[in-house]
Amino acid sequence: MTKEAELQSREARGRPANPAFVYLAAAFAALGGLLFGYDTGVISGAELFFRNEFALSTFALEVIVSGVLAGAAAGALIGGRLADLFGRRKLLIATAIIFAAGAILCAAAPSAAILAAGRIIVGFGIGLSSSGVPVYISEVAPAEARGWQVSLFQLAITVGILAAYLVDYAFARMQGWRWMFGLAVVPAAIFGAGMFFLPESPRWLFRRGKPDTARAMLERIRGTSDVDAELREIEQSALKSPESGRVADLFAASLRPALIVGIGLAIFQQITGINTVIYYAPLIIQSAGISSASGAILATAGIGAVNVLMTIFSMWLIDRRGRRPLLLTGIAGMAITLCVLGFVFRMGNHAAGLAWLAVISMMAYVASFAISLGPIFWLLISEIYPLKIRNSAEGVAATFNWGTNLLVALTFLTLVEKLGPSWTFWLYGLCAIGAGLFSYYFVPETKGRTLEEIEEFWHDARSPGNTKH
């Protein structure tokens with residue numbers, strides 16, 4: 001095939017005859033991200049009220065906040081394998097049921113222990129979602145639009161976080177933290193109902209020895225019977241590695257670089273401190289000088305709005321400019337704003353001007369995250385692994401992500417007490433510098449390439465730093 005013919009073939013794959021169906025499938029799957037965001041964000045407002053009701057210590061509060069992360073790490077660890085065994089679609093339907101059950105238990109919790117248990121169940125659903133949704137979307141999306149469509153997952157996370165902040169604000173005056181948790185049942189029901197009517201991943205069906213069903217699903221998704229070229233790529237990929245995949249396959253010399261990239265980005269996404277803002281934003285803002293609960297939650301909602309808007313901006317750019325430019329630019333912004341935030345707290349926390357400077361710094365930090373480590377981590381780990389182990393490998397990366405998230409959430413308030421907020425934020429800033437160096441040397445560009453072409457790249461690349469392809 002000539003270079004011109006190859007480009008024309010890619011363009012054709014990037015313009016499916018039935019784009020509305022692909023968009024609908026991606027949008028409904030991304031509702032798993034909305035639940036992910038809502039259930040992680042809602043705790044920031046609710047904690048201001050259940051902390052007093054249950055008379056919690058700092059450590060007990062950290063345990064409840066972190067319970068969702070322990071559940072998420074477990075869900076991510078086994079979610080990939082379950083998706084490989086039973087299919088992406090069935091796993092996501094089960095995930096919706098788990099989300100709803102956890103939300104009901106949290107809303108009805110009579111004690112801190114039951115609330116922690118409910119948060120662990122919700123976290124398990126989040127882990128399953130984080131290991132299943134990006135892979136499902138990446139496998140139904142055309143190559144030329146895969147970047148922004150997988151990024152719908154991250155956009156849905158940010159929308160869920162913003163929705164949680166707004167719900168927290170709406171129920172703040174009545175201290176209705178049970179309503180804050182319970183309303184997650186609504187998007188869970190929509191998510192489950194939507195996935196019930198969506199198709200299974202054609203790539204998973206082909207891997208499970210159902211080529212005719214895979215063709216039928218691909219024709220349904222693409223809205224055309226002309227799917228031979230895409231099926232040939234899937235078949236060629238399967239023929240190169242016909243056996244079922246194991247996580248141990250990631251340690252093969254050709255795939256070790258992909259393992260390094262996935263785990264490295266998973267860790268850096270969290271140790272740069274993003275979820276300290278998501279979980280503890282009202283407490284940070286109150287400590288900066290805005291004393292009222294409603295005012296702190298409202299300022300937090302502004303941060304959530306910035307997160308949504310910049311994620312949309314990232315989606316517009318990600319298939320135009322590529323993954324690496326956005327990743328490196330955003331990480332640089334995170335490092336700078338974390339340093340500024342540290343200086344704000346170093347200067348004092350009683351002046352109104354400094355309080356709002358802290359809010360603005362947090363907004364700029366979140367904006368930088370929203371164009372870089374936020375969407376690009378989830379996108380890359382849905383792209384860079386071979387089909388036979390894609391979901392399991394993505395689950396490994398997600399497990400490291402949630403495990404690191406758990407560590408950060410469990411230590412943030414303690415770090416602030418021991419080191420002070422300035423040194424805590426400067427420590428996260430130092431981690432952001434490390435994230436930038438890692439991304440520059442190890443993360444490849446995947447813009448515009450099919451999943452099968454990316455898989456071939458790892459076989460051809462001689463080192464993890466080979467980013468020229």
# chains A, B, ... in the order shown; residues from 1 in each chain; ligands from 1
>>> select_by_dssp(residues="stretch 21-269 of chain A", states="alpha helix (DSSP H)", output="ChimeraX atom specification")
/A:21-41,43-53,58-86,88-108,112-140,146-172,177-182,185-197,202-207,211-222,228-240,256-269
>>> residues_around(residues="stretch 153-162 of chain A", least_positions_apart="4", cutoff="9 Å", atoms="only C-alpha atoms", output="PDB file with all heavy atoms, in the first residue's frame")
ATOM      1  N   ALA A  26     -19.931   5.951  22.905  1.00  0.00           N
ATOM      2  CA  ALA A  26     -18.883   6.549  23.728  1.00  0.00           C
ATOM      3  C   ALA A  26     -19.485   7.387  24.853  1.00  0.00           C
ATOM      4  O   ALA A  26     -19.001   7.361  25.992  1.00  0.00           O
ATOM      5  CB  ALA A  26     -17.975   7.417  22.857  1.00  0.00           C
ATOM      6  N   ALA A  27     -20.566   8.122  24.563  1.00  0.00           N
ATOM      7  CA  ALA A  27     -21.181   8.986  25.572  1.00  0.00           C
ATOM      8  C   ALA A  27     -21.789   8.173  26.712  1.00  0.00           C
ATOM      9  O   ALA A  27     -21.614   8.504  27.891  1.00  0.00           O
ATOM     10  CB  ALA A  27     -22.238   9.871  24.930  1.00  0.00           C
ATOM     11  N   ALA A  29     -20.999   5.071  27.575  1.00  0.00           N
ATOM     12  CA  ALA A  29     -19.918   4.420  28.317  1.00  0.00           C
ATOM     13  C   ALA A  29     -19.244   5.410  29.251  1.00  0.00           C
ATOM     14  O   ALA A  29     -18.867   5.082  30.382  1.00  0.00           O
ATOM     15  CB  ALA A  29     -18.908   3.814  27.348  1.00  0.00           C
ATOM     16  N   ALA A  30     -19.108   6.658  28.770  1.00  0.00           N
ATOM     17  CA  ALA A  30     -18.433   7.671  29.575  1.00  0.00           C
ATOM     18  C   ALA A  30     -19.217   8.049  30.822  1.00  0.00           C
ATOM     19  O   ALA A  30     -18.663   8.665  31.739  1.00  0.00           O
ATOM     20  CB  ALA A  30     -18.169   8.923  28.733  1.00  0.00           C
ATOM     21  N   LEU A  31     -20.502   7.670  30.899  1.00  0.00           N
ATOM     22  CA  LEU A  31     -21.249   7.903  32.139  1.00  0.00           C
ATOM     23  C   LEU A  31     -20.587   7.199  33.322  1.00  0.00           C
ATOM     24  O   LEU A  31     -20.748   7.611  34.471  1.00  0.00           O
ATOM     25  CB  LEU A  31     -22.700   7.429  31.991  1.00  0.00           C
ATOM     26  CG  LEU A  31     -23.653   8.398  31.287  1.00  0.00           C
ATOM     27  CD1 LEU A  31     -25.012   7.726  31.069  1.00  0.00           C
ATOM     28  CD2 LEU A  31     -23.826   9.671  32.106  1.00  0.00           C
ATOM     29  N   GLY A  32     -19.839   6.130  33.028  1.00  0.00           N
ATOM     30  CA  GLY A  32     -19.049   5.510  34.084  1.00  0.00           C
ATOM     31  C   GLY A  32     -18.039   6.482  34.657  1.00  0.00           C
ATOM     32  O   GLY A  32     -17.737   6.469  35.847  1.00  0.00           O
ATOM     33  N   GLY A  33     -17.518   7.360  33.802  1.00  0.00           N
ATOM     34  CA  GLY A  33     -16.619   8.409  34.264  1.00  0.00           C
ATOM     35  C   GLY A  33     -17.339   9.447  35.089  1.00  0.00           C
ATOM     36  O   GLY A  33     -16.782   9.976  36.063  1.00  0.00           O
ATOM     37  N   LEU A  34     -18.591   9.773  34.726  1.00  0.00           N
ATOM     38  CA  LEU A  34     -19.363  10.742  35.504  1.00  0.00           C
ATOM     39  C   LEU A  34     -19.586  10.231  36.926  1.00  0.00           C
ATOM     40  O   LEU A  34     -19.441  10.985  37.903  1.00  0.00           O
ATOM     41  CB  LEU A  34     -20.704  11.013  34.828  1.00  0.00           C
ATOM     42  CG  LEU A  34     -21.541  12.138  35.460  1.00  0.00           C
ATOM     43  CD1 LEU A  34     -22.255  12.954  34.395  1.00  0.00           C
ATOM     44  CD2 LEU A  34     -22.573  11.568  36.436  1.00  0.00           C
ATOM     45  N   LEU A  35     -19.904   8.940  37.056  1.00  0.00           N
ATOM     46  CA  LEU A  35     -20.067   8.358  38.385  1.00  0.00           C
ATOM     47  C   LEU A  35     -18.741   8.342  39.137  1.00  0.00           C
ATOM     48  O   LEU A  35     -18.693   8.588  40.344  1.00  0.00           O
ATOM     49  CB  LEU A  35     -20.622   6.941  38.254  1.00  0.00           C
ATOM     50  CG  LEU A  35     -22.114   6.878  37.927  1.00  0.00           C
ATOM     51  CD1 LEU A  35     -22.474   5.533  37.306  1.00  0.00           C
ATOM     52  CD2 LEU A  35     -22.947   7.129  39.176  1.00  0.00           C
ATOM     53  N   PHE A  36     -17.681   8.038  38.422  1.00  0.00           N
ATOM     54  CA  PHE A  36     -16.319   8.100  38.965  1.00  0.00           C
ATOM     55  C   PHE A  36     -16.092   9.489  39.568  1.00  0.00           C
ATOM     56  O   PHE A  36     -15.698   9.639  40.733  1.00  0.00           O
ATOM     57  CB  PHE A  36     -15.382   7.808  37.793  1.00  0.00           C
ATOM     58  CG  PHE A  36     -13.902   7.910  38.028  1.00  0.00           C
ATOM     59  CD1 PHE A  36     -13.048   7.141  37.262  1.00  0.00           C
ATOM     60  CD2 PHE A  36     -13.326   8.768  38.954  1.00  0.00           C
ATOM     61  CE1 PHE A  36     -11.676   7.215  37.414  1.00  0.00           C
ATOM     62  CE2 PHE A  36     -11.961   8.867  39.121  1.00  0.00           C
ATOM     63  CZ  PHE A  36     -11.138   8.093  38.343  1.00  0.00           C
ATOM     64  N   GLY A  37     -16.357  10.537  38.777  1.00  0.00           N
ATOM     65  CA  GLY A  37     -16.129  11.899  39.243  1.00  0.00           C
ATOM     66  C   GLY A  37     -17.045  12.312  40.370  1.00  0.00           C
ATOM     67  O   GLY A  37     -16.603  12.931  41.351  1.00  0.00           O
ATOM     68  N   TYR A  38     -18.326  11.973  40.246  1.00  0.00           N
ATOM     69  CA  TYR A  38     -19.284  12.371  41.276  1.00  0.00           C
ATOM     70  C   TYR A  38     -18.922  11.745  42.618  1.00  0.00           C
ATOM     71  O   TYR A  38     -18.892  12.423  43.656  1.00  0.00           O
ATOM     72  CB  TYR A  38     -20.703  11.971  40.876  1.00  0.00           C
ATOM     73  CG  TYR A  38     -21.748  12.463  41.857  1.00  0.00           C
ATOM     74  CD1 TYR A  38     -22.349  13.699  41.678  1.00  0.00           C
ATOM     75  CD2 TYR A  38     -22.106  11.713  42.981  1.00  0.00           C
ATOM     76  CE1 TYR A  38     -23.290  14.182  42.584  1.00  0.00           C
ATOM     77  CE2 TYR A  38     -23.028  12.180  43.887  1.00  0.00           C
ATOM     78  CZ  TYR A  38     -23.624  13.413  43.689  1.00  0.00           C
ATOM     79  OH  TYR A  38     -24.540  13.879  44.604  1.00  0.00           O
ATOM     80  N   ASP A  39     -18.637  10.458  42.605  1.00  0.00           N
ATOM     81  CA  ASP A  39     -18.389   9.768  43.871  1.00  0.00           C
ATOM     82  C   ASP A  39     -17.039  10.109  44.489  1.00  0.00           C
ATOM     83  O   ASP A  39     -16.853   9.924  45.695  1.00  0.00           O
ATOM     84  CB  ASP A  39     -18.512   8.253  43.671  1.00  0.00           C
ATOM     85  CG  ASP A  39     -19.965   7.807  43.593  1.00  0.00           C
ATOM     86  OD1 ASP A  39     -20.764   8.250  44.432  1.00  0.00           O
ATOM     87  OD2 ASP A  39     -20.312   7.036  42.685  1.00  0.00           O
ATOM     88  N   THR A  40     -16.092  10.598  43.680  1.00  0.00           N
ATOM     89  CA  THR A  40     -14.846  11.078  44.273  1.00  0.00           C
ATOM     90  C   THR A  40     -14.977  12.521  44.733  1.00  0.00           C
ATOM     91  O   THR A  40     -14.397  12.917  45.745  1.00  0.00           O
ATOM     92  CB  THR A  40     -13.671  10.966  43.274  1.00  0.00           C
ATOM     93  OG1 THR A  40     -14.018  11.619  42.050  1.00  0.00           O
ATOM     94  CG2 THR A  40     -13.328   9.529  42.991  1.00  0.00           C
ATOM     95  N   GLY A  41     -15.754  13.332  44.011  1.00  0.00           N
ATOM     96  CA  GLY A  41     -15.887  14.741  44.357  1.00  0.00           C
ATOM     97  C   GLY A  41     -16.851  15.038  45.476  1.00  0.00           C
ATOM     98  O   GLY A  41     -16.673  16.005  46.221  1.00  0.00           O
ATOM     99  N   VAL A  42     -17.888  14.211  45.633  1.00  0.00           N
ATOM    100  CA  VAL A  42     -18.947  14.518  46.599  1.00  0.00           C
ATOM    101  C   VAL A  42     -18.431  14.523  48.038  1.00  0.00           C
ATOM    102  O   VAL A  42     -18.969  15.227  48.901  1.00  0.00           O
ATOM    103  CB  VAL A  42     -20.121  13.519  46.434  1.00  0.00           C
ATOM    104  CG1 VAL A  42     -19.745  12.137  46.974  1.00  0.00           C
ATOM    105  CG2 VAL A  42     -21.383  14.044  47.099  1.00  0.00           C
ATOM    106  N   SER A 130     -12.804   2.547  35.784  1.00  0.00           N
ATOM    107  CA  SER A 130     -11.545   3.080  35.273  1.00  0.00           C
ATOM    108  C   SER A 130     -10.772   2.061  34.455  1.00  0.00           C
ATOM    109  O   SER A 130      -9.969   2.434  33.594  1.00  0.00           O
ATOM    110  CB  SER A 130     -10.680   3.587  36.432  1.00  0.00           C
ATOM    111  OG  SER A 130     -10.258   2.518  37.265  1.00  0.00           O
ATOM    112  N   VAL A 133     -14.045   1.382  31.004  1.00  0.00           N
ATOM    113  CA  VAL A 133     -14.618   2.378  30.092  1.00  0.00           C
ATOM    114  C   VAL A 133     -13.626   2.849  29.030  1.00  0.00           C
ATOM    115  O   VAL A 133     -13.956   2.854  27.833  1.00  0.00           O
ATOM    116  CB  VAL A 133     -15.193   3.577  30.879  1.00  0.00           C
ATOM    117  CG1 VAL A 133     -15.601   4.694  29.918  1.00  0.00           C
ATOM    118  CG2 VAL A 133     -16.400   3.141  31.698  1.00  0.00           C
ATOM    119  N   PRO A 134     -12.398   3.284  29.396  1.00  0.00           N
ATOM    120  CA  PRO A 134     -11.492   3.766  28.347  1.00  0.00           C
ATOM    121  C   PRO A 134     -11.196   2.721  27.278  1.00  0.00           C
ATOM    122  O   PRO A 134     -11.112   3.044  26.086  1.00  0.00           O
ATOM    123  CB  PRO A 134     -10.226   4.153  29.122  1.00  0.00           C
ATOM    124  CG  PRO A 134     -10.698   4.432  30.511  1.00  0.00           C
ATOM    125  CD  PRO A 134     -11.796   3.439  30.738  1.00  0.00           C
ATOM    126  N   ILE A 137     -14.294   2.307  24.922  1.00  0.00           N
ATOM    127  CA  ILE A 137     -14.414   3.416  23.965  1.00  0.00           C
ATOM    128  C   ILE A 137     -13.313   3.335  22.916  1.00  0.00           C
ATOM    129  O   ILE A 137     -13.557   3.539  21.721  1.00  0.00           O
ATOM    130  CB  ILE A 137     -14.371   4.778  24.688  1.00  0.00           C
ATOM    131  CG1 ILE A 137     -15.541   4.900  25.670  1.00  0.00           C
ATOM    132  CG2 ILE A 137     -14.440   5.913  23.681  1.00  0.00           C
ATOM    133  CD1 ILE A 137     -15.516   6.171  26.504  1.00  0.00           C
ATOM    134  N   GLN A 149     -12.559  10.927  21.756  1.00  0.00           N
ATOM    135  CA  GLN A 149     -13.654  10.086  22.235  1.00  0.00           C
ATOM    136  C   GLN A 149     -13.297   9.366  23.536  1.00  0.00           C
ATOM    137  O   GLN A 149     -14.122   9.268  24.446  1.00  0.00           O
ATOM    138  CB  GLN A 149     -14.074   9.090  21.149  1.00  0.00           C
ATOM    139  CG  GLN A 149     -14.804   9.780  20.003  1.00  0.00           C
ATOM    140  CD  GLN A 149     -15.445   8.821  19.037  1.00  0.00           C
ATOM    141  OE1 GLN A 149     -15.547   7.630  19.295  1.00  0.00           O
ATOM    142  NE2 GLN A 149     -15.890   9.344  17.908  1.00  0.00           N
ATOM    143  N   LEU A 166     -21.745  21.097  42.995  1.00  0.00           N
ATOM    144  CA  LEU A 166     -23.006  21.854  42.957  1.00  0.00           C
ATOM    145  C   LEU A 166     -24.055  21.225  43.870  1.00  0.00           C
ATOM    146  O   LEU A 166     -24.817  21.928  44.546  1.00  0.00           O
ATOM    147  CB  LEU A 166     -23.516  21.935  41.515  1.00  0.00           C
ATOM    148  CG  LEU A 166     -22.638  22.756  40.554  1.00  0.00           C
ATOM    149  CD1 LEU A 166     -23.178  22.661  39.132  1.00  0.00           C
ATOM    150  CD2 LEU A 166     -22.553  24.208  41.007  1.00  0.00           C
ATOM    151  N   VAL A 167     -24.109  19.895  43.880  1.00  0.00           N
ATOM    152  CA  VAL A 167     -25.035  19.214  44.799  1.00  0.00           C
ATOM    153  C   VAL A 167     -24.631  19.488  46.242  1.00  0.00           C
ATOM    154  O   VAL A 167     -25.483  19.744  47.109  1.00  0.00           O
ATOM    155  CB  VAL A 167     -25.057  17.692  44.503  1.00  0.00           C
ATOM    156  CG1 VAL A 167     -25.777  16.931  45.615  1.00  0.00           C
ATOM    157  CG2 VAL A 167     -25.735  17.429  43.159  1.00  0.00           C
ATOM    158  N   ILE A 278      -9.238  17.688  44.785  1.00  0.00           N
ATOM    159  CA  ILE A 278     -10.580  17.138  44.588  1.00  0.00           C
ATOM    160  C   ILE A 278     -11.226  16.780  45.934  1.00  0.00           C
ATOM    161  O   ILE A 278     -12.390  17.098  46.180  1.00  0.00           O
ATOM    162  CB  ILE A 278     -10.522  15.887  43.693  1.00  0.00           C
ATOM    163  CG1 ILE A 278      -9.895  16.224  42.344  1.00  0.00           C
ATOM    164  CG2 ILE A 278     -11.921  15.293  43.510  1.00  0.00           C
ATOM    165  CD1 ILE A 278     -10.581  17.315  41.571  1.00  0.00           C
ATOM    166  N   THR A 300     -14.974  26.042  45.440  1.00  0.00           N
ATOM    167  CA  THR A 300     -14.586  24.733  44.923  1.00  0.00           C
ATOM    168  C   THR A 300     -15.333  24.423  43.637  1.00  0.00           C
ATOM    169  O   THR A 300     -14.769  23.838  42.701  1.00  0.00           O
ATOM    170  CB  THR A 300     -14.858  23.644  45.975  1.00  0.00           C
ATOM    171  OG1 THR A 300     -14.128  23.953  47.168  1.00  0.00           O
ATOM    172  CG2 THR A 300     -14.441  22.279  45.473  1.00  0.00           C
ATOM    173  N   ALA A 301     -16.615  24.814  43.571  1.00  0.00           N
ATOM    174  CA  ALA A 301     -17.394  24.606  42.348  1.00  0.00           C
ATOM    175  C   ALA A 301     -16.781  25.374  41.185  1.00  0.00           C
ATOM    176  O   ALA A 301     -16.796  24.905  40.037  1.00  0.00           O
ATOM    177  CB  ALA A 301     -18.846  25.029  42.564  1.00  0.00           C
ATOM    178  N   GLY A 302     -16.237  26.564  41.458  1.00  0.00           N
ATOM    179  CA  GLY A 302     -15.545  27.314  40.413  1.00  0.00           C
ATOM    180  C   GLY A 302     -14.346  26.555  39.883  1.00  0.00           C
ATOM    181  O   GLY A 302     -14.086  26.537  38.671  1.00  0.00           O
ATOM    182  N   ILE A 303     -13.618  25.911  40.786  1.00  0.00           N
ATOM    183  CA  ILE A 303     -12.477  25.080  40.375  1.00  0.00           C
ATOM    184  C   ILE A 303     -12.969  23.916  39.510  1.00  0.00           C
ATOM    185  O   ILE A 303     -12.361  23.572  38.491  1.00  0.00           O
ATOM    186  CB  ILE A 303     -11.722  24.569  41.612  1.00  0.00           C
ATOM    187  CG1 ILE A 303     -11.068  25.748  42.346  1.00  0.00           C
ATOM    188  CG2 ILE A 303     -10.670  23.527  41.221  1.00  0.00           C
ATOM    189  CD1 ILE A 303     -10.490  25.385  43.693  1.00  0.00           C
ATOM    190  N   GLY A 304     -14.096  23.323  39.904  1.00  0.00           N
ATOM    191  CA  GLY A 304     -14.671  22.233  39.121  1.00  0.00           C
ATOM    192  C   GLY A 304     -15.081  22.683  37.725  1.00  0.00           C
ATOM    193  O   GLY A 304     -14.920  21.943  36.748  1.00  0.00           O
ATOM    194  N   ALA A 305     -15.621  23.903  37.607  1.00  0.00           N
ATOM    195  CA  ALA A 305     -16.013  24.426  36.296  1.00  0.00           C
ATOM    196  C   ALA A 305     -14.802  24.610  35.391  1.00  0.00           C
ATOM    197  O   ALA A 305     -14.842  24.307  34.189  1.00  0.00           O
ATOM    198  CB  ALA A 305     -16.751  25.755  36.467  1.00  0.00           C
ATOM    199  N   ASN A 307     -12.112  22.885  35.543  1.00  0.00           N
ATOM    200  CA  ASN A 307     -11.721  21.522  35.184  1.00  0.00           C
ATOM    201  C   ASN A 307     -12.494  21.038  33.962  1.00  0.00           C
ATOM    202  O   ASN A 307     -11.924  20.482  33.012  1.00  0.00           O
ATOM    203  CB  ASN A 307     -11.979  20.604  36.385  1.00  0.00           C
ATOM    204  CG  ASN A 307     -11.221  19.292  36.294  1.00  0.00           C
ATOM    205  OD1 ASN A 307     -10.409  19.080  35.407  1.00  0.00           O
ATOM    206  ND2 ASN A 307     -11.497  18.405  37.225  1.00  0.00           N
ATOM    207  N   VAL A 308     -13.805  21.277  33.946  1.00  0.00           N
ATOM    208  CA  VAL A 308     -14.645  20.856  32.821  1.00  0.00           C
ATOM    209  C   VAL A 308     -14.257  21.596  31.549  1.00  0.00           C
ATOM    210  O   VAL A 308     -14.048  20.993  30.485  1.00  0.00           O
ATOM    211  CB  VAL A 308     -16.138  21.085  33.137  1.00  0.00           C
ATOM    212  CG1 VAL A 308     -16.997  20.823  31.897  1.00  0.00           C
ATOM    213  CG2 VAL A 308     -16.589  20.184  34.274  1.00  0.00           C
ATOM    214  N   LEU A 309     -14.160  22.918  31.626  1.00  0.00           N
ATOM    215  CA  LEU A 309     -13.887  23.731  30.442  1.00  0.00           C
ATOM    216  C   LEU A 309     -12.531  23.390  29.821  1.00  0.00           C
ATOM    217  O   LEU A 309     -12.399  23.275  28.593  1.00  0.00           O
ATOM    218  CB  LEU A 309     -13.947  25.218  30.798  1.00  0.00           C
ATOM    219  CG  LEU A 309     -15.341  25.754  31.172  1.00  0.00           C
ATOM    220  CD1 LEU A 309     -15.244  27.201  31.649  1.00  0.00           C
ATOM    221  CD2 LEU A 309     -16.294  25.639  29.989  1.00  0.00           C
ATOM    222  N   THR A 311     -10.907  20.574  30.138  1.00  0.00           N
ATOM    223  CA  THR A 311     -10.951  19.220  29.580  1.00  0.00           C
ATOM    224  C   THR A 311     -11.561  19.246  28.191  1.00  0.00           C
ATOM    225  O   THR A 311     -11.097  18.545  27.273  1.00  0.00           O
ATOM    226  CB  THR A 311     -11.748  18.283  30.504  1.00  0.00           C
ATOM    227  OG1 THR A 311     -11.115  18.240  31.786  1.00  0.00           O
ATOM    228  CG2 THR A 311     -11.789  16.872  29.935  1.00  0.00           C
ATOM    229  N   ILE A 312     -12.601  20.054  27.986  1.00  0.00           N
ATOM    230  CA  ILE A 312     -13.187  20.211  26.653  1.00  0.00           C
ATOM    231  C   ILE A 312     -12.155  20.786  25.688  1.00  0.00           C
ATOM    232  O   ILE A 312     -12.026  20.337  24.535  1.00  0.00           O
ATOM    233  CB  ILE A 312     -14.436  21.111  26.721  1.00  0.00           C
ATOM    234  CG1 ILE A 312     -15.544  20.424  27.534  1.00  0.00           C
ATOM    235  CG2 ILE A 312     -14.943  21.455  25.321  1.00  0.00           C
ATOM    236  CD1 ILE A 312     -16.744  21.310  27.808  1.00  0.00           C
ATOM    237  N   MET A 315      -9.828  18.083  24.698  1.00  0.00           N
ATOM    238  CA  MET A 315     -10.427  17.172  23.730  1.00  0.00           C
ATOM    239  C   MET A 315     -10.358  17.747  22.320  1.00  0.00           C
ATOM    240  O   MET A 315     -10.171  17.014  21.347  1.00  0.00           O
ATOM    241  CB  MET A 315     -11.874  16.888  24.114  1.00  0.00           C
ATOM    242  CG  MET A 315     -12.040  16.029  25.354  1.00  0.00           C
ATOM    243  SD  MET A 315     -13.757  15.952  25.894  1.00  0.00           S
ATOM    244  CE  MET A 315     -14.528  15.226  24.457  1.00  0.00           C
ATOM    245  N   ALA A 370      -5.952  19.371  33.604  1.00  0.00           N
ATOM    246  CA  ALA A 370      -7.053  18.984  32.716  1.00  0.00           C
ATOM    247  C   ALA A 370      -6.636  18.883  31.257  1.00  0.00           C
ATOM    248  O   ALA A 370      -7.353  18.258  30.466  1.00  0.00           O
ATOM    249  CB  ALA A 370      -8.210  19.977  32.860  1.00  0.00           C
ATOM    250  N   GLY A 374      -4.541  14.545  33.293  1.00  0.00           N
ATOM    251  CA  GLY A 374      -5.921  14.114  33.480  1.00  0.00           C
ATOM    252  C   GLY A 374      -6.404  13.211  32.365  1.00  0.00           C
ATOM    253  O   GLY A 374      -6.561  11.994  32.546  1.00  0.00           O
ATOM    254  N   PRO A 375      -6.629  13.746  31.157  1.00  0.00           N
ATOM    255  CA  PRO A 375      -7.152  12.901  30.075  1.00  0.00           C
ATOM    256  C   PRO A 375      -6.104  12.010  29.423  1.00  0.00           C
ATOM    257  O   PRO A 375      -6.422  10.902  28.985  1.00  0.00           O
ATOM    258  CB  PRO A 375      -7.690  13.928  29.074  1.00  0.00           C
ATOM    259  CG  PRO A 375      -6.858  15.143  29.295  1.00  0.00           C
ATOM    260  CD  PRO A 375      -6.567  15.167  30.776  1.00  0.00           C
ATOM    261  N   ILE A 376      -4.866  12.473  29.344  1.00  0.00           N
ATOM    262  CA  ILE A 376      -3.886  11.756  28.522  1.00  0.00           C
ATOM    263  C   ILE A 376      -3.448  10.449  29.173  1.00  0.00           C
ATOM    264  O   ILE A 376      -3.169   9.461  28.484  1.00  0.00           O
ATOM    265  CB  ILE A 376      -2.695  12.677  28.192  1.00  0.00           C
ATOM    266  CG1 ILE A 376      -3.184  13.792  27.261  1.00  0.00           C
ATOM    267  CG2 ILE A 376      -1.558  11.905  27.529  1.00  0.00           C
ATOM    268  CD1 ILE A 376      -2.169  14.866  26.969  1.00  0.00           C
ATOM    269  N   TRP A 378      -5.420   8.376  30.938  1.00  0.00           N
ATOM    270  CA  TRP A 378      -6.457   7.383  30.637  1.00  0.00           C
ATOM    271  C   TRP A 378      -6.479   7.039  29.159  1.00  0.00           C
ATOM    272  O   TRP A 378      -6.748   5.886  28.782  1.00  0.00           O
ATOM    273  CB  TRP A 378      -7.825   7.896  31.092  1.00  0.00           C
ATOM    274  CG  TRP A 378      -7.917   8.082  32.570  1.00  0.00           C
ATOM    275  CD1 TRP A 378      -7.998   9.257  33.249  1.00  0.00           C
ATOM    276  CD2 TRP A 378      -7.912   7.049  33.564  1.00  0.00           C
ATOM    277  NE1 TRP A 378      -8.042   9.029  34.602  1.00  0.00           N
ATOM    278  CE2 TRP A 378      -7.998   7.684  34.831  1.00  0.00           C
ATOM    279  CE3 TRP A 378      -7.847   5.653  33.520  1.00  0.00           C
ATOM    280  CZ2 TRP A 378      -8.026   6.971  36.017  1.00  0.00           C
ATOM    281  CZ3 TRP A 378      -7.876   4.944  34.709  1.00  0.00           C
ATOM    282  CH2 TRP A 378      -7.953   5.606  35.939  1.00  0.00           C
ATOM    283  N   LEU A 379      -6.207   8.008  28.301  1.00  0.00           N
ATOM    284  CA  LEU A 379      -6.169   7.739  26.863  1.00  0.00           C
ATOM    285  C   LEU A 379      -5.022   6.804  26.518  1.00  0.00           C
ATOM    286  O   LEU A 379      -5.209   5.792  25.825  1.00  0.00           O
ATOM    287  CB  LEU A 379      -6.033   9.061  26.098  1.00  0.00           C
ATOM    288  CG  LEU A 379      -5.748   8.959  24.594  1.00  0.00           C
ATOM    289  CD1 LEU A 379      -6.834   8.160  23.894  1.00  0.00           C
ATOM    290  CD2 LEU A 379      -5.618  10.350  23.995  1.00  0.00           C
TER     291      LEU A 379
END
>>> closest_residue(among="A:Asp319, A:Arg178, A:Glu455, A:Ala364", to="A:Pro110", atoms="only C-alpha atoms")
A:Arg178
